[in-house]
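Colleague: A single structure is presented below for examination.
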Protein chains: 2
Amino acid sequence: MRVPGLPRRPTSSFTASSFTASSVDGFIADPEDSLSWLLTRDVDVHGPMGYQAFLDQSVGALAMGSTTYRWILGHELAGGPSRDWPYALPTWVFSTQELPRAQGDLRVVRGDVAAHHPDMLAAAGDRGVWVVGGGELAGQFADAGLLDELWVQWAPVALGAGAPLLPRRVELRLEDVVRNGDFACARYTVLPPVAGAQP
Amino acid sequence: MRVPGLPRRPTSSFTASSFTASSVDGFIADPEDSLSWLLTRDVDVHGPMGYQAFLDQSVGALAMGSTTYRWILGHELAGGPSRDWPYALPTWVFSTQELPRAQGDLRVVRGDVAAHHPDMLAAAGDRGVWVVGGGELAGQFADAGLLDELWVQWAPVALGAGAPLLPRRVELRLEDVVRNGDFACARYTVLPPVAGAQP
């Protein structure tokens, strides 16, 4: 079922989306890689620009860096004996490190995101790739011209320091703005890099 | 005349507001202190959460740092012989540098913002102080418990680097979210620091 209000786009043009919470000053994690500033906030995941609708409608595969992967393992699997990966969707972890393994449709890969993108898209079926985190990985997708959407959910806090949202110069087009609980939410189309533009 | 939709608050509780444009990743100027990424965007200054309504309704005095002051001098006064300061409102420039002077209700001061705040409030009459920029000065107002509002207008661009929006950990309460042209706009109440909280 299609969720009302979410854009439908031709599969052929769909590449990858970054859907991320951020502090108002553009950090996706605090200096200790903690999300304690985020997880106490009020949000309706089924509400406007909510996570669940985004996931159900748009996402067929996941991409993440090692920090995000370790965070999910540490929090979703804490204390559990099974070490099952919590996502049913096929997941690519981009890392040059050795990482603890969980049971699931999960692969740790190295190198250029563009080299792995065809496999991700094929696995995603008629949906796209969600760049779960972090910001540097989203930047690598943008560098390769493979990031087509950015969804930001700003939590009501300034952090002053931490992991950056998108450490690149990237032009965007605002598509929609909405409040969901404690969050100011915006959805952007990522515009292609201008040839010869200053990075 | 009161502008509809803007909050009215008792003068006694009003301290200072930061009203600022930002990139989506929390920078108020790019690494060259340029606003070229900002000034080309579409906005209605008389529209929702627009600059003109904020200025007309809420602001009785201006506070800024030396970078903001030099930027205004360089852009508003470029080529003009009069060197008139473009704002009619009494203005405090916080700087330890020697600065070029313009004609107007303008003073360059040093030291703690709290020491100058009574003078600013008295000059502001029944309105408040607008912390025009930059982020560090807004942070000093927040440190002193004198920042009561943050208005952010996010431009549709990630910069990746530049001058930070608010280089502090500051808790906020989201009051309102709106779109104005190319901008996602949010208004926050600044919450008082929690005693013993991690900075």
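Ligands are numbered from 1 in the order shown, chains are lettered A, B, ... in the order of the structure tokens, and residues start at 1 in each chain.
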From a DSSP calculation on the backbone, collect every residue of range 1-196 of chain A in strand (DSSP E) and output the set as an MDAnalysis selection string.

Modeller: chainID A and resid 16:23 27:29 59:65 91:94 106:109 128:133 149:155 157:158 163:164 170:180 183:190

Colleague: Export, as an mmCIF file, in the first residue's frame, the selected residues with C-alpha atoms.

Modeller:
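Final file, selection_11.cif:
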data_model
loop_
_atom_site.group_PDB
_atom_site.id
_atom_site.type_symbol
_atom_site.label_atom_id
_atom_site.label_comp_id
_atom_site.auth_asym_id
_atom_site.auth_seq_id
_atom_site.Cartn_x
_atom_site.Cartn_y
_atom_site.Cartn_z
ATOM 1 C CA ALA A 16 19.547 6.733 -2.616
ATOM 2 C CA SER A 17 18.094 8.842 0.187
ATOM 3 C CA SER A 18 19.542 10.142 3.387
ATOM 4 C CA PHE A 19 16.867 10.267 6.108
ATOM 5 C CA THR A 20 18.389 11.493 9.312
ATOM 6 C CA ALA A 21 17.765 13.250 12.571
ATOM 7 C CA SER A 22 20.012 16.208 13.349
ATOM 8 C CA SER A 23 20.528 18.822 15.991
ATOM 9 C CA PHE A 27 25.130 17.214 14.093
ATOM 10 C CA ILE A 28 23.831 13.649 13.800
ATOM 11 C CA ALA A 29 25.646 12.382 16.892
ATOM 12 C CA VAL A 59 13.387 1.725 1.235
ATOM 13 C CA GLY A 60 14.533 -1.593 -0.229
ATOM 14 C CA ALA A 61 18.120 -1.734 1.005
ATOM 15 C CA LEU A 62 20.258 -0.100 3.694
ATOM 16 C CA ALA A 63 23.717 1.434 3.541
ATOM 17 C CA MET A 64 25.645 2.562 6.592
ATOM 18 C CA GLY A 65 29.119 3.241 7.934
ATOM 19 C CA THR A 91 22.206 -4.171 4.380
ATOM 20 C CA TRP A 92 25.574 -2.914 3.147
ATOM 21 C CA VAL A 93 28.090 -1.771 5.754
ATOM 22 C CA PHE A 94 30.906 0.339 4.300
ATOM 23 C CA LEU A 106 24.279 -8.245 5.904
ATOM 24 C CA ARG A 107 27.566 -7.650 4.124
ATOM 25 C CA VAL A 108 30.604 -5.559 5.026
ATOM 26 C CA VAL A 109 32.173 -3.976 1.953
ATOM 27 C CA GLY A 128 15.679 2.659 -3.169
ATOM 28 C CA VAL A 129 18.667 2.666 -0.852
ATOM 29 C CA TRP A 130 18.494 4.381 2.524
ATOM 30 C CA VAL A 131 21.802 5.822 3.619
ATOM 31 C CA VAL A 132 21.162 5.319 7.330
ATOM 32 C CA GLY A 133 24.390 7.023 8.426
ATOM 33 C CA GLU A 149 16.957 12.984 -1.480
ATOM 34 C CA LEU A 150 17.797 14.380 1.928
ATOM 35 C CA TRP A 151 15.225 14.218 4.721
ATOM 36 C CA VAL A 152 16.193 16.082 7.872
ATOM 37 C CA GLN A 153 14.392 15.916 11.198
ATOM 38 C CA TRP A 154 15.807 18.631 13.433
ATOM 39 C CA ALA A 155 15.618 17.833 17.150
ATOM 40 C CA VAL A 157 18.700 21.066 20.728
ATOM 41 C CA ALA A 158 21.982 22.639 19.687
ATOM 42 C CA ALA A 163 29.387 14.138 13.797
ATOM 43 C CA PRO A 164 28.388 16.338 10.837
ATOM 44 C CA VAL A 170 25.558 20.247 -1.768
ATOM 45 C CA GLU A 171 22.766 22.250 -3.403
ATOM 46 C CA LEU A 172 19.240 21.244 -2.452
ATOM 47 C CA ARG A 173 15.672 22.051 -3.433
ATOM 48 C CA LEU A 174 13.172 22.264 -0.600
ATOM 49 C CA GLU A 175 10.153 20.074 -1.295
ATOM 50 C CA ASP A 176 8.210 20.113 1.939
ATOM 51 C CA VAL A 177 8.293 21.310 5.541
ATOM 52 C CA VAL A 178 6.287 19.912 8.429
ATOM 53 C CA ARG A 179 6.248 19.598 12.198
ATOM 54 C CA ASN A 180 6.199 16.127 13.741
ATOM 55 C CA PHE A 183 10.856 17.888 15.312
ATOM 56 C CA ALA A 184 11.030 20.385 12.457
ATOM 57 C CA CYS A 185 11.131 18.183 9.358
ATOM 58 C CA ALA A 186 12.146 19.030 5.801
ATOM 59 C CA ARG A 187 12.469 16.989 2.641
ATOM 60 C CA TYR A 188 14.928 18.055 -0.068
ATOM 61 C CA THR A 189 15.804 16.963 -3.566
ATOM 62 C CA VAL A 190 19.575 16.851 -3.977
#

Colleague: Write out as number ranges by chain the residues lying within 6 Å of Gly26 in chain B, counting only C-alpha atoms and excluding same-chain residues fewer than 6 positions away.

Modeller: A: 25-26; B: 165

Colleague: Could you state the separation of CA of Arg168 in chain B and CA of Asp148 in chain B in Å, given to one decimal place?

Modeller: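 Spanning CA of Arg168 in chain B to CA of Asp148 in chain B is a straight-line distance of 14.5 Å.
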
Colleague: Measuring between only C-alpha atoms, which one of B:Ser36, B:Gln140, B:Gln97, B:Gln52 shows the shortest distance to Asp112 in chain B?

Modeller: B:Gln140

Colleague: Nearest to chain A: which of B:Pro118, B:Asp42, B:Asp33, B:Phe141 is it, counting only C-alpha atoms?

Modeller: B:Asp42

Colleague: For Val194 in chain A, which residue among A:Gly145, A:Gly139, A:Trp85, A:Ala122 is the nearest when counting only C-alpha atoms?

Modeller: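 Looking at the shortest contact to Val194 in chain A, the residue is A:Gly145.
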
Colleague: Write down as JSON, numbers by chain the residues belonging to range 28-186 of chain A that are assigned alpha helix (DSSP H) by DSSP computed on the backbone.

Modeller: {"A": [36, 37, 38, 39, 51, 52, 53, 54, 55, 56, 57, 58, 66, 67, 68, 69, 70, 71, 72, 73, 74, 75, 76, 113, 114, 115, 116, 117, 118, 119, 120, 121, 122, 123, 124, 135, 136, 137, 138, 139, 140, 141, 142, 143]}

Colleague: Would you compute the distance between CA of Thr96 in chain B and CA of Arg110 in chain B? Give it in Å to one decimal.

Modeller: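 Going from CA of Thr96 in chain B over to CA of Arg110 in chain B covers 5.8 Å.
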
Colleague: I'd like to know which of B:Met120, B:Leu99, B:Leu146, B:Val24 is closest to chain A, using only C-alpha atoms.

Modeller: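 Of all the options, B:Val24 lies closest to chain A.
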
Colleague: Grab the CA of Ala88 in chain B to CA of Tyr69 in chain B distance for me, in Å with one decimal place.

Modeller: 14.6 Å
